[in-house]
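Q: One file is attached below, start06.txt, containing compact mmCIF, C-alpha atoms.
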# COMPACT_ATOMS: atom_id res chain seq x y z
CA MET A 1 -40.93 107.24 187.96
CA THR A 2 -41.96 105.91 184.53
CA GLU A 3 -42.98 102.38 183.66
CA ASP A 4 -39.69 101.53 182.00
CA THR A 5 -37.27 103.06 184.43
CA GLU A 6 -38.96 101.82 187.54
CA ASN A 7 -36.60 100.31 190.09
CA LEU A 8 -33.53 101.03 188.02
CA ASN A 9 -32.10 102.91 190.97
CA SER A 10 -29.58 100.87 192.84
CA ASN A 11 -27.65 100.62 196.01
CA SER A 12 -24.10 101.71 196.30
CA ALA A 13 -21.72 98.79 196.03
CA GLY A 14 -18.99 100.37 198.03
CA PRO A 15 -16.33 102.96 197.41
CA ALA A 16 -14.08 100.80 195.23
CA VAL A 17 -16.57 99.96 192.48
CA THR A 18 -18.82 102.45 190.73
CA ASP A 19 -22.41 101.43 190.30
CA LYS A 20 -22.10 101.53 186.51
CA GLY A 21 -19.05 99.32 186.66
CA LEU A 22 -20.76 96.94 189.03
CA ALA A 23 -23.79 96.58 186.73
CA LEU A 24 -21.48 95.83 183.82
CA TRP A 25 -19.58 93.32 185.94
CA GLU A 26 -22.88 91.58 186.72
CA VAL A 27 -23.63 91.26 183.00
CA ILE A 28 -20.17 89.88 182.26
CA SER A 29 -20.49 87.40 185.11
CA VAL A 30 -23.82 86.01 183.87
CA ILE A 31 -22.66 85.85 180.24
CA SER A 32 -19.44 84.11 181.27
CA SER A 33 -21.44 81.47 183.17
CA CYS A 34 -23.43 80.73 180.01
CA LEU A 35 -20.26 80.57 177.92
CA ILE A 36 -18.60 78.24 180.44
CA ALA A 37 -21.61 75.91 180.24
CA GLN A 38 -21.72 75.98 176.44
CA TRP A 39 -18.04 75.89 175.59
CA ALA A 40 -15.93 74.60 178.49
CA LEU A 41 -18.11 71.96 180.14
CA VAL A 42 -19.65 70.24 177.13
CA PRO A 43 -16.33 68.87 175.81
CA ILE A 44 -14.92 67.86 179.20
CA ALA A 45 -18.10 66.33 180.62
CA PRO A 46 -20.14 65.09 177.67
CA GLY A 47 -23.43 63.50 178.59
CA HIS A 48 -23.37 64.90 182.12
CA GLY A 49 -26.12 67.52 182.00
CA PHE A 50 -25.92 68.21 185.71
CA VAL A 51 -22.34 69.48 185.29
CA LYS A 52 -23.53 72.00 182.72
CA ALA A 53 -26.30 73.03 185.09
CA VAL A 54 -23.87 74.19 187.79
CA PRO A 55 -22.78 77.50 186.19
CA ILE A 56 -26.33 78.09 184.94
CA LEU A 57 -27.72 77.63 188.45
CA LEU A 58 -24.99 79.88 189.83
CA ALA A 59 -25.94 82.54 187.29
CA PHE A 60 -29.64 82.30 188.15
CA GLY A 61 -28.88 82.29 191.86
CA PHE A 62 -26.78 85.38 191.38
CA MET A 63 -29.45 87.16 189.31
CA ILE A 64 -32.08 86.52 191.97
CA PHE A 65 -29.70 87.77 194.67
CA SER A 66 -28.93 90.87 192.62
CA HIS A 67 -32.64 91.68 192.21
CA TRP A 68 -33.15 91.24 195.91
CA TYR A 69 -30.07 93.28 196.77
CA ARG A 70 -31.17 96.13 194.54
CA GLY A 71 -34.75 95.93 195.73
CA GLU A 72 -36.18 95.22 192.30
CA THR A 73 -39.75 93.98 192.17
CA LEU A 74 -41.12 91.31 189.84
CA ARG A 75 -43.26 94.04 188.31
CA ALA A 76 -40.22 96.18 187.58
CA ILE A 77 -38.40 93.25 185.99
CA GLY A 78 -41.31 92.66 183.64
CA PHE A 79 -43.44 89.94 185.21
CA ARG A 80 -46.61 91.98 184.92
CA LEU A 81 -49.86 92.16 183.01
CA ASP A 82 -50.78 95.85 183.10
CA ASN A 83 -48.72 96.62 179.97
CA PHE A 84 -49.44 93.30 178.23
CA VAL A 85 -51.55 94.86 175.48
CA ALA A 86 -49.16 97.76 174.92
CA ALA A 87 -46.17 95.43 174.68
CA GLY A 88 -48.13 93.01 172.51
CA ARG A 89 -49.04 95.79 170.11
CA ILE A 90 -45.37 96.66 169.67
CA LEU A 91 -44.28 93.07 169.14
CA LEU A 92 -47.18 91.78 167.03
CA LEU A 93 -45.89 92.97 163.69
CA PRO A 94 -42.20 91.99 164.24
CA THR A 95 -43.29 88.54 165.47
CA VAL A 96 -45.59 87.94 162.51
CA GLY A 97 -42.81 89.21 160.23
CA ALA A 98 -40.24 86.89 161.82
CA VAL A 99 -42.57 83.87 161.63
CA THR A 100 -43.24 84.66 157.96
CA LEU A 101 -39.52 85.05 157.31
CA VAL A 102 -38.82 81.67 158.91
CA LEU A 103 -41.63 80.05 156.89
CA ILE A 104 -40.21 81.48 153.66
CA LEU A 105 -36.75 80.33 154.69
CA GLY A 106 -38.06 76.85 155.45
CA TRP A 107 -39.87 76.71 152.13
CA SER A 108 -36.79 77.83 150.19
CA LEU A 109 -34.58 75.30 152.00
CA SER A 110 -36.96 72.38 151.55
CA ASN A 111 -35.88 69.70 149.09
CA GLU A 112 -37.78 68.11 146.22
CA ALA A 113 -39.97 66.26 148.72
CA GLY A 114 -41.67 69.57 149.32
CA PHE A 115 -42.35 71.80 152.26
CA VAL A 116 -43.42 69.71 155.25
CA LEU A 117 -43.90 70.52 158.89
CA ARG A 118 -42.01 68.19 161.16
CA PRO A 119 -43.94 66.43 163.93
CA LEU A 120 -44.29 68.24 167.23
CA LYS A 121 -41.91 66.65 169.72
CA PRO A 122 -42.97 66.51 173.39
CA GLN A 123 -40.00 68.61 174.48
CA LEU A 124 -41.24 71.46 172.32
CA LEU A 125 -44.09 71.85 174.80
CA LEU A 126 -41.52 73.26 177.20
CA LEU A 127 -40.58 75.90 174.67
CA PRO A 128 -42.80 78.69 176.09
CA PHE A 129 -41.29 78.20 179.53
CA TRP A 130 -37.75 78.07 178.14
CA ALA A 131 -38.43 81.19 176.04
CA LEU A 132 -39.68 83.05 179.12
CA ILE A 133 -36.58 82.03 181.08
CA GLN A 134 -34.32 83.25 178.27
CA GLN A 135 -36.18 86.54 177.98
CA TYR A 136 -36.01 87.02 181.73
CA ALA A 137 -32.22 86.58 181.69
CA LEU A 138 -31.73 88.61 178.54
CA GLN A 139 -34.09 91.48 179.21
CA GLY A 140 -35.09 91.26 182.85
CA PHE A 141 -31.48 91.10 183.93
CA ILE A 142 -28.97 91.91 181.18
CA ASN A 143 -30.98 94.67 179.53
CA ARG A 144 -31.72 96.28 182.90
CA ARG A 145 -28.12 96.08 184.10
CA LEU A 146 -26.85 97.49 180.81
CA GLN A 147 -29.31 100.36 181.18
CA MET A 148 -27.82 100.99 184.63
CA SER A 149 -24.35 100.89 183.16
CA VAL A 150 -24.55 102.76 179.85
CA GLY A 151 -28.00 104.33 179.98
CA LYS A 152 -31.19 103.63 178.14
CA GLY A 153 -31.19 103.73 174.34
CA LEU A 154 -29.79 102.32 171.14
CA LYS A 155 -26.46 101.42 172.72
CA VAL A 156 -28.13 99.00 175.13
CA THR A 157 -30.34 97.59 172.37
CA LEU A 158 -27.28 96.85 170.25
CA LEU A 159 -25.38 95.34 173.17
CA VAL A 160 -28.30 93.07 174.12
CA GLY A 161 -28.65 91.90 170.50
CA LEU A 162 -24.93 91.21 170.21
CA LEU A 163 -24.77 89.34 173.52
CA PHE A 164 -27.78 87.22 172.60
CA ALA A 165 -26.16 86.40 169.26
CA LEU A 166 -22.86 85.62 171.02
CA LEU A 167 -24.62 82.97 173.10
CA HIS A 168 -25.82 81.26 169.90
CA LEU A 169 -22.42 80.96 168.23
CA PRO A 170 -21.26 79.14 166.16
CA ASN A 171 -24.64 78.21 164.64
CA PRO A 172 -24.71 80.71 161.75
CA LEU A 173 -28.47 80.79 161.17
CA LEU A 174 -29.34 80.97 164.86
CA THR A 175 -26.69 83.63 165.47
CA SER A 176 -28.12 85.81 162.71
CA LEU A 177 -31.72 85.30 163.81
CA THR A 178 -30.98 85.89 167.49
CA LEU A 179 -29.09 89.08 166.66
CA LEU A 180 -32.16 90.36 164.86
CA GLY A 181 -34.54 89.03 167.52
CA GLY A 182 -32.38 90.34 170.34
CA LEU A 183 -32.42 93.85 168.88
CA ILE A 184 -36.21 93.88 168.45
CA TRP A 185 -36.96 92.35 171.86
CA ALA A 186 -34.48 94.66 173.61
CA ALA A 187 -36.04 97.74 172.00
CA ALA A 188 -39.54 96.51 172.89
CA TYR A 189 -38.54 95.78 176.49
CA GLN A 190 -37.15 99.26 176.93
CA ARG A 191 -40.48 100.74 175.88
CA HIS A 192 -42.81 98.32 177.66
CA PRO A 193 -41.07 95.81 179.93
CA ASN A 194 -43.31 92.77 179.74
CA LEU A 195 -41.59 89.41 179.81
CA PHE A 196 -44.76 87.39 179.12
CA VAL A 197 -45.23 89.03 175.72
CA LEU A 198 -41.54 88.65 174.93
CA GLY A 199 -41.72 84.98 175.95
CA ILE A 200 -44.72 84.36 173.68
CA SER A 201 -43.01 86.10 170.75
CA HIS A 202 -39.81 84.13 171.37
CA ALA A 203 -41.66 80.81 171.70
CA LEU A 204 -43.67 81.34 168.50
CA ILE A 205 -40.57 82.14 166.44
CA SER A 206 -38.55 79.27 167.96
CA LEU A 207 -41.41 76.83 167.40
CA THR A 208 -41.73 77.84 163.75
CA LEU A 209 -37.97 77.51 163.40
CA ALA A 210 -37.95 74.02 164.92
CA LEU A 211 -40.89 72.86 162.79
CA VAL A 212 -40.05 74.19 159.35
CA ILE A 213 -36.29 74.57 159.03
CA PRO A 214 -34.53 71.32 158.07
CA PRO A 215 -32.51 69.99 161.06
CA GLY A 216 -29.36 69.93 158.96
CA VAL A 217 -29.54 73.68 158.44
CA ILE A 218 -30.03 74.64 162.08
CA ASN A 219 -28.18 71.57 163.39
CA SER A 220 -31.10 70.80 165.71
CA LEU A 221 -30.80 74.26 167.35
CA ARG A 222 -27.42 73.28 168.78
CA VAL A 223 -25.13 76.06 169.99
CA GLY A 224 -21.73 76.26 171.65
CA PHE A 225 -19.47 73.22 171.55
CA ARG A 226 -22.46 70.91 171.00
CA TYR A 227 -22.81 72.42 167.53
CA PHE A 228 -19.79 70.36 166.46
CA ASN A 229 -21.17 67.06 167.82
CA MET B 1 -47.14 89.27 191.64
CA GLN B 2 -45.08 91.73 193.57
CA TYR B 3 -41.47 90.75 194.04
CA LYS B 4 -40.72 90.88 197.71
CA ALA B 5 -38.95 94.12 198.30
CA LYS B 6 -35.81 94.21 200.34
CA MET B 7 -36.72 94.68 203.97
CA SER B 8 -33.29 95.35 205.34
CA LYS B 9 -29.87 95.85 203.91
CA PRO B 10 -28.35 92.44 203.28
CA SER B 11 -25.14 91.61 204.98
CA LEU B 12 -23.58 90.30 201.79
CA ASN B 13 -22.22 92.88 199.43
CA LEU B 14 -22.93 92.38 195.72
CA VAL B 15 -19.22 92.64 194.97
CA HIS B 16 -18.48 89.85 197.44
CA VAL B 17 -21.11 87.65 195.80
CA LEU B 18 -19.67 88.35 192.36
CA VAL B 19 -16.17 87.49 193.54
CA ALA B 20 -17.43 84.34 195.28
CA LYS B 21 -19.29 83.25 192.15
CA SER B 22 -16.16 83.74 190.05
CA ILE B 23 -14.05 81.75 192.52
CA ILE B 24 -16.59 78.90 192.66
CA GLU B 25 -16.78 78.75 188.86
CA THR B 26 -13.00 78.82 188.51
CA LEU B 27 -12.54 76.04 191.07
CA PHE B 28 -15.35 74.01 189.53
CA VAL B 29 -13.98 74.24 186.00
CA SER B 30 -10.38 73.66 187.18
CA THR B 31 -11.40 70.54 189.09
CA LEU B 32 -13.27 69.20 186.08
CA VAL B 33 -10.30 69.90 183.81
CA VAL B 34 -7.94 68.01 186.15
CA VAL B 35 -10.37 65.06 186.41
CA TYR B 36 -10.82 65.12 182.64
CA PHE B 37 -7.06 65.15 182.05
CA LEU B 38 -6.45 62.26 184.44
CA ASP B 39 -9.27 60.29 182.82
CA VAL B 40 -8.18 60.93 179.23
CA PHE B 41 -4.41 60.75 179.77
CA PRO B 42 -3.67 58.24 182.55
CA HIS B 43 -0.04 57.86 183.52
CA ILE B 44 1.23 55.15 181.20
CA HIS B 45 4.59 53.67 182.14
CA GLY B 46 6.40 51.64 179.58
CA TRP B 47 9.48 50.84 177.66
CA GLY B 48 10.38 49.38 174.28
CA GLU B 49 13.35 47.88 172.51
CA VAL B 50 14.35 46.58 169.11
CA THR B 51 15.26 42.91 168.82
CA PRO B 52 16.24 41.28 165.52
CA PRO B 53 12.77 40.07 164.58
CA THR B 54 10.51 42.27 166.73
CA ILE B 55 9.85 45.40 168.63
CA SER B 56 8.97 44.52 172.17
CA GLY B 57 8.57 46.05 175.59
CA TRP B 58 5.97 46.63 178.23
CA ALA B 59 3.22 49.12 178.92
CA LEU B 60 1.28 49.67 182.12
CA ASN B 61 -1.49 52.02 183.18
CA SER B 62 -0.23 53.00 186.63
CA ARG B 63 -3.70 54.17 187.68
CA ASN B 64 -5.18 50.80 186.82
CA PRO B 65 -2.44 48.14 186.92
CA ASN B 66 -4.96 45.37 186.27
CA GLU B 67 -5.75 46.78 182.83
CA ARG B 68 -4.05 45.19 179.83
CA VAL B 69 -3.06 48.14 177.72
CA GLU B 70 -3.53 48.09 173.98
CA VAL B 71 -0.43 49.24 172.10
CA GLN B 72 0.00 50.26 168.50
CA LEU B 73 3.23 50.30 166.55
CA PHE B 74 3.98 53.05 164.07
CA VAL B 75 7.07 52.90 161.86
CA ASP B 76 8.04 56.16 160.19
CA ASN B 77 4.70 57.58 161.39
CA LYS B 78 2.73 54.86 159.61
CA PHE B 79 0.57 52.36 161.47
CA VAL B 80 2.02 48.85 161.36
CA ALA B 81 0.33 46.67 163.96
CA ARG B 82 -1.53 46.55 167.22
CA THR B 83 -1.54 44.16 170.14
CA ILE B 84 -2.49 43.87 173.78
CA ALA B 85 0.37 44.16 176.27
CA SER B 86 -0.41 40.96 178.16
CA GLN B 87 2.72 38.88 177.84
CA SER B 88 5.08 37.95 180.63
CA TRP B 89 7.73 40.55 181.39
CA PRO B 90 9.24 39.71 184.78
CA GLU B 91 11.33 42.89 185.00
CA ILE B 92 8.18 44.85 185.69
CA VAL B 93 7.72 43.07 188.99
CA GLU B 94 11.42 43.20 189.79
CA GLY B 95 11.41 46.93 189.15
CA GLY B 96 8.41 47.42 191.40
CA TRP B 97 6.12 48.74 188.71
CA SER B 98 3.40 46.17 189.18
CA LYS B 99 2.50 43.12 191.20
CA ASP B 100 2.01 41.04 188.09
CA GLU B 101 4.29 40.56 185.14
CA TRP B 102 1.68 40.30 182.40
CA HIS B 103 2.17 43.65 180.70
CA GLY B 104 4.68 42.79 177.99
CA PHE B 105 4.24 42.98 174.25
CA THR B 106 6.06 41.66 171.21
CA ILE B 107 5.27 42.91 167.75
CA PRO B 108 6.90 41.13 164.82
CA VAL B 109 8.16 43.56 162.21
CA SER B 110 8.33 42.42 158.63
CA ALA B 111 7.75 43.72 155.12
CA ILE B 112 9.67 46.89 155.82
CA GLU B 113 12.22 47.88 153.24
CA SER B 114 15.90 47.90 154.11
CA GLY B 115 17.34 51.05 155.56
CA TYR B 116 16.97 53.34 158.54
CA HIS B 117 13.62 53.71 160.29
CA GLU B 118 12.08 55.02 163.45
CA ALA B 119 9.48 53.12 165.46
CA ARG B 120 7.09 54.53 168.00
CA VAL B 121 4.89 52.44 170.25
CA TYR B 122 1.73 54.14 171.53
CA ALA B 123 -0.54 53.04 174.35
CA ILE B 124 -4.22 53.42 173.54
CA HIS B 125 -6.66 54.54 176.19
CA ASP B 126 -10.45 54.65 175.94
CA SER B 127 -12.43 57.18 177.95
CA GLY B 128 -15.86 58.75 177.99
CA GLY B 129 -17.50 55.38 177.46
CA GLY B 130 -15.62 54.89 174.20
CA ALA B 131 -16.28 58.43 172.97
CA ARG B 132 -12.57 59.24 173.08
CA LYS B 133 -9.38 57.36 172.29
CA THR B 134 -5.99 58.79 173.15
CA LEU B 135 -2.49 57.66 172.23
CA GLN B 136 0.51 58.11 174.47
CA LEU B 137 4.05 57.35 173.47
CA VAL B 138 5.49 54.37 175.35
CA GLY B 139 9.13 54.95 176.22
CA HIS B 140 10.85 56.88 173.49
CA PRO B 141 11.19 56.63 169.69
CA LEU B 142 13.26 53.61 168.66
CA ARG B 143 15.68 54.09 165.79
CA PHE B 144 16.62 50.93 163.93
CA GLN B 145 18.00 49.62 160.70
CA VAL B 146 16.45 46.87 158.59
CA MET B 147 19.25 44.70 157.29
CA PRO B 148 19.20 43.11 153.80
CA ASP B 149 18.18 39.77 155.38
CA GLY B 150 15.16 41.44 156.97
CA THR B 151 16.38 41.48 160.56
CA LEU B 152 16.30 44.58 162.71
CA LYS B 153 19.35 46.23 164.18
CA SER B 154 18.88 48.68 166.99
CA LEU B 155 20.61 52.03 166.60
CA GLU B 156 20.19 52.78 170.28
CA PRO B 157 23.42 53.00 172.33
CA SER B 158 22.75 49.69 174.08
CA SER B 159 19.91 47.33 174.76
CA ARG B 160 18.32 47.90 178.11
CA ARG B 161 16.52 44.62 178.39
CA SER B 162 19.30 43.19 180.51
CA ARG B 163 18.91 45.99 183.02
CA VAL B 164 16.17 45.61 185.59
CA ALA B 165 13.88 48.52 185.21
CA THR B 166 13.32 50.45 188.39
CA PRO B 167 10.82 53.23 188.88
CA GLU B 168 13.63 55.72 189.25
CA LYS B 169 15.57 54.63 186.16
CA SER B 170 12.94 53.53 183.70
CA ILE B 171 11.69 55.72 180.95
CA ASP B 172 8.03 56.41 181.18
As structure tokens, please, write out the structure in this file.
A:
Amino acid sequence: MTEDTENLNSNSAGPAVTDKGLALWEVISVISSCLIAQWALVPIAPGHGFVKAVPILLAFGFMIFSHWYRGETLRAIGFRLDNFVAAGRILLLPTVGAVTLVLILGWSLSNEAGFVLRPLKPQLLLLPFWALIQQYALQGFINRRLQMSVGKGLKVTLLVGLLFALLHLPNPLLTSLTLLGGLIWAAAYQRHPNLFVLGISHALISLTLALVIPPGVINSLRVGFRYFN
Amino acid sequence: MQYKAKMSKPSLNLVHVLVAKSIIETLFVSTLVVVYFLDVFPHIHGWGEVTPPTISGWALNSRNPNERVEVQLFVDNKFVARTIASQSWPEIVEGGWSKDEWHGFTIPVSAIESGYHEARVYAIHDSGGGARKTLQLVGHPLRFQVMPDGTLKSLEPSSRRSRVATPEKSID
């Protein structure tokens, strides 16, 4: 069994549902939970963060159950260090390129006052953790389940990129950047599944984005219904 | 670092968990939608009529009868005036709508050109800590004519003020 296909075998779900269909159903279920939180709950329960947390917690609870059910190890999911350097080597150039692209974008969008870095807010310190969580859900779960469903390759890479972009609608800049990022991270994960490297890459790009792009352009990184607030 | 491998086959099938998750989410969102709807659009009972100098009536939030409802008058879809429905209107008590009669309103209508018009009275409701305001039509649209001397003449079949409003018969 190779590094990237480890633990992708799965248990039979029963005679009525094929395993490929079940894996796809799992992806749809997790994505729908995120969409419910972003689009349905924000307008009907504004200011009640705990309400939004319910579908997210359900999705995470389900993902953990699914890993357990399928006998997937943390190592197989990508929480590992043995391929850290290999994964880092793949992602170094795209990450540097993305950070440079964001810096150029920030510089071109800056007004007459000039290009200035905004102060580091305390909540940005949580960014690495949040990036790791997102990469776990996106790659450690969705990418793996899509591989089970449609097989490893470009198709899965495209689907992961599109789904990641979908979750950042309707913010145009974030949607475009996450499509690009999703494609790169999905391709990298398929070669060397290491969520720590992906989390670092994600956090660096997000941090640069938050510090150099004017808030009006990215609407303070708001997505879903909150984008319109 | 090793994720704990499955030791025995779990009793719960993945399909069952997926179905359960979907049901929980559906019930959760449905409940929130119902709560949201009841909060944003409370059941406003009310009624209006045209009298020669005014448009008057009553408005009551049946979920919170102690609230004095704000009403706004629109004539031909244009805002005219606002007031709080806090005047005496004894028929409300007689009809069993509320224990107190202080839900009436009277809005003088002037400076409207002669001719045929339509008035609508809306009850205003705040929700979400003032984040939202909703308008609900009180009663039904009131058609009237402004006479050359400036008085209003109702074009409704008959005035219903004389009739005691009962929960079964009143328009809400």
Q: Could you check the closest approach to chain B for each of A:Gly47, A:Pro172, A:Gly61, A:Gly71 and tell me which residue wins, using all atoms listed in the file?
A: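 Result for the nearest residue to chain B: A:Gly71.
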Q: Which residues of stretch 72-168 of chain B have any atom within 12 Å of an atom in stretch 35-38 of chain B when counting only C-alpha atoms, and what is the closest pair of atoms for each, with the distance in Å to one decimal? Order the rows by chain and rising number and write it as JSON lines.
A:
{"residue": "B:His125", "atom": "CA", "partner": "B:Leu38", "partner_atom": "CA", "distance": 11.3}
{"residue": "B:Ser127", "atom": "CA", "partner": "B:Tyr36", "partner_atom": "CA", "distance": 9.4}
{"residue": "B:Gly128", "atom": "CA", "partner": "B:Tyr36", "partner_atom": "CA", "distance": 9.4}
{"residue": "B:Arg132", "atom": "CA", "partner": "B:Tyr36", "partner_atom": "CA", "distance": 11.4}
{"residue": "B:Thr134", "atom": "CA", "partner": "B:Phe37", "partner_atom": "CA", "distance": 11.0}
Q: As a PyMOL selection string, could you give me every residue of chain A near chain B (at most 9 Å apart, counting all atoms listed in the file)?
A: chain A and resi 13-14+17+22+25-26+29+33+36+40-41+44-47+54-55+58-59+62+65-66+68-77+79-80
Q: I'd like the contact shell of A:Gln135 - 9 Å cut-off, all atoms listed in the file, skipping same-chain residues fewer than 3 positions apart - returned as a ChimeraX atom specification.
A: /A:130-132,138-141,185,195-196,198-199,202
Q: Leaving out A:Val212 and any residue of its chain fewer than 5 positions from it, which residues lie within 12 Å of it when counting all atoms listed in the file, given as a list of chain:residue names?
A: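 In the requested form, the answer reads A:Val99, A:Thr100, A:Leu101, A:Val102, A:Leu103, A:Ile104, A:Leu105, A:Gly106, A:Trp107, A:Ser108, A:Leu109, A:Ser110, A:Asn111, A:Gly114, A:Phe115, A:Val116, A:Leu117, A:Arg118, A:Pro119, A:Leu120, A:Ile205, A:Ser206, A:Leu207, A:Val217, A:Ile218, A:Ser220.
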Q: Expressed in Å to a single decimal, how great is the separation between atom CA of B:Gly115 and atom CA of B:Ser56?
A: 19.7 Å
Q: Can you tell me how far atom CA of B:His103 sits from atom CA of B:Ser88, in Å to one decimal?
A: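 Between atom CA of B:His103 and atom CA of B:Ser88 the gap works out to 6.4 Å.
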Q: Near B:Leu152, counting only C-alpha atoms, which residues have an atom at most 9 Å away, once you skip same-chain residues fewer than 6 positions from it, shown as a list in words?
A: Val50, Thr51, Pro52, Pro53, Thr54, Ile55, Val109, Phe144, Gln145 and Val146 of chain B
Q: Between B:Ile92, B:Ala81, B:Val138, B:Val121, which residue has the minimum interatomic distance to B:Pro65, considering only C-alpha atoms?
A: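 Comparing B:Ile92, B:Ala81, B:Val138, B:Val121 against B:Pro65, the winner is B:Ile92.
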Q: Taking (12.2, 56.2, 164.1) as a centre in this file's frame and 9 Å as the limit, can you find every polymer residue with an atom that close, using all atoms listed in the file, and give them as a PyMOL selection string?
A: chain B and resi 74-77+116-120+141-144
Q: Just the number, please: distance in Å from atom CA of B:Ile84 to atom CA of B:Ile107, one decimal.
A: 9.9 Å
Q: Anything within 7 Å of (1.6, 45.5, 168.2): list those residues as a list in words, counting only C-alpha atoms and sticking to the file's coordinates.
A: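 Those residues lying close to the given coordinates are Val71, Gln72, Leu73, Ala81, Arg82, Thr83, Thr106 and Ile107 of chain B.
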Q: Pick out the closest residue to B:His45 from this set: B:Lys78, B:Lys133, B:His140, B:Lys153. Count all atoms listed in the file.
A: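 With all atoms listed in the file as the atom set, the closest residue is B:His140.
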Q: How would stretch 144-149 of chain B look with all heavy atoms restored, written as a tab-separated table (two decimals), in the frame of the given file?
A:
chain	number	residue	atom	x	y	z
B	144	PHE	N	16.08	52.24	164.29
B	144	PHE	CA	16.62	50.93	163.93
B	144	PHE	C	16.90	50.86	162.43
B	144	PHE	O	16.45	51.71	161.65
B	144	PHE	CB	15.66	49.81	164.36
B	144	PHE	CG	14.34	49.80	163.64
B	144	PHE	CD1	14.14	48.97	162.54
B	144	PHE	CD2	13.29	50.61	164.04
B	144	PHE	CE1	12.92	48.95	161.87
B	144	PHE	CE2	12.07	50.61	163.37
B	144	PHE	CZ	11.89	49.78	162.30
B	145	GLN	N	17.65	49.84	162.10
B	145	GLN	CA	18.00	49.62	160.70
B	145	GLN	C	17.48	48.24	160.28
B	145	GLN	O	17.63	47.27	161.03
B	145	GLN	CB	19.52	49.68	160.52
B	145	GLN	CG	19.95	49.58	159.08
B	145	GLN	CD	21.48	49.62	158.94
B	145	GLN	OE1	22.20	49.71	159.93
B	145	GLN	NE2	21.97	49.54	157.72
B	146	VAL	N	16.87	48.17	159.12
B	146	VAL	CA	16.45	46.87	158.59
B	146	VAL	C	17.57	46.39	157.67
B	146	VAL	O	17.93	47.06	156.70
B	146	VAL	CB	15.11	46.97	157.81
B	146	VAL	CG1	14.75	45.61	157.21
B	146	VAL	CG2	14.00	47.44	158.74
B	147	MET	N	18.13	45.25	158.04
B	147	MET	CA	19.25	44.70	157.29
B	147	MET	C	18.74	44.02	156.01
B	147	MET	O	17.55	43.71	155.91
B	147	MET	CB	20.01	43.68	158.17
B	147	MET	CG	20.42	44.22	159.53
B	147	MET	SD	21.37	45.75	159.45
B	147	MET	CE	22.95	45.10	158.95
B	148	PRO	N	19.64	43.76	155.06
B	148	PRO	CA	19.20	43.11	153.80
B	148	PRO	C	18.50	41.77	154.02
B	148	PRO	O	17.62	41.39	153.26
B	148	PRO	CB	20.51	42.92	153.03
B	148	PRO	CG	21.41	43.99	153.55
B	148	PRO	CD	21.05	44.16	155.00
B	149	ASP	N	18.86	41.05	155.12
B	149	ASP	CA	18.18	39.77	155.38
B	149	ASP	C	16.86	39.95	156.12
B	149	ASP	O	16.20	38.96	156.49
B	149	ASP	CB	19.11	38.84	156.18
B	149	ASP	CG	19.45	39.41	157.55
B	149	ASP	OD1	19.01	40.55	157.85
B	149	ASP	OD2	20.15	38.73	158.33
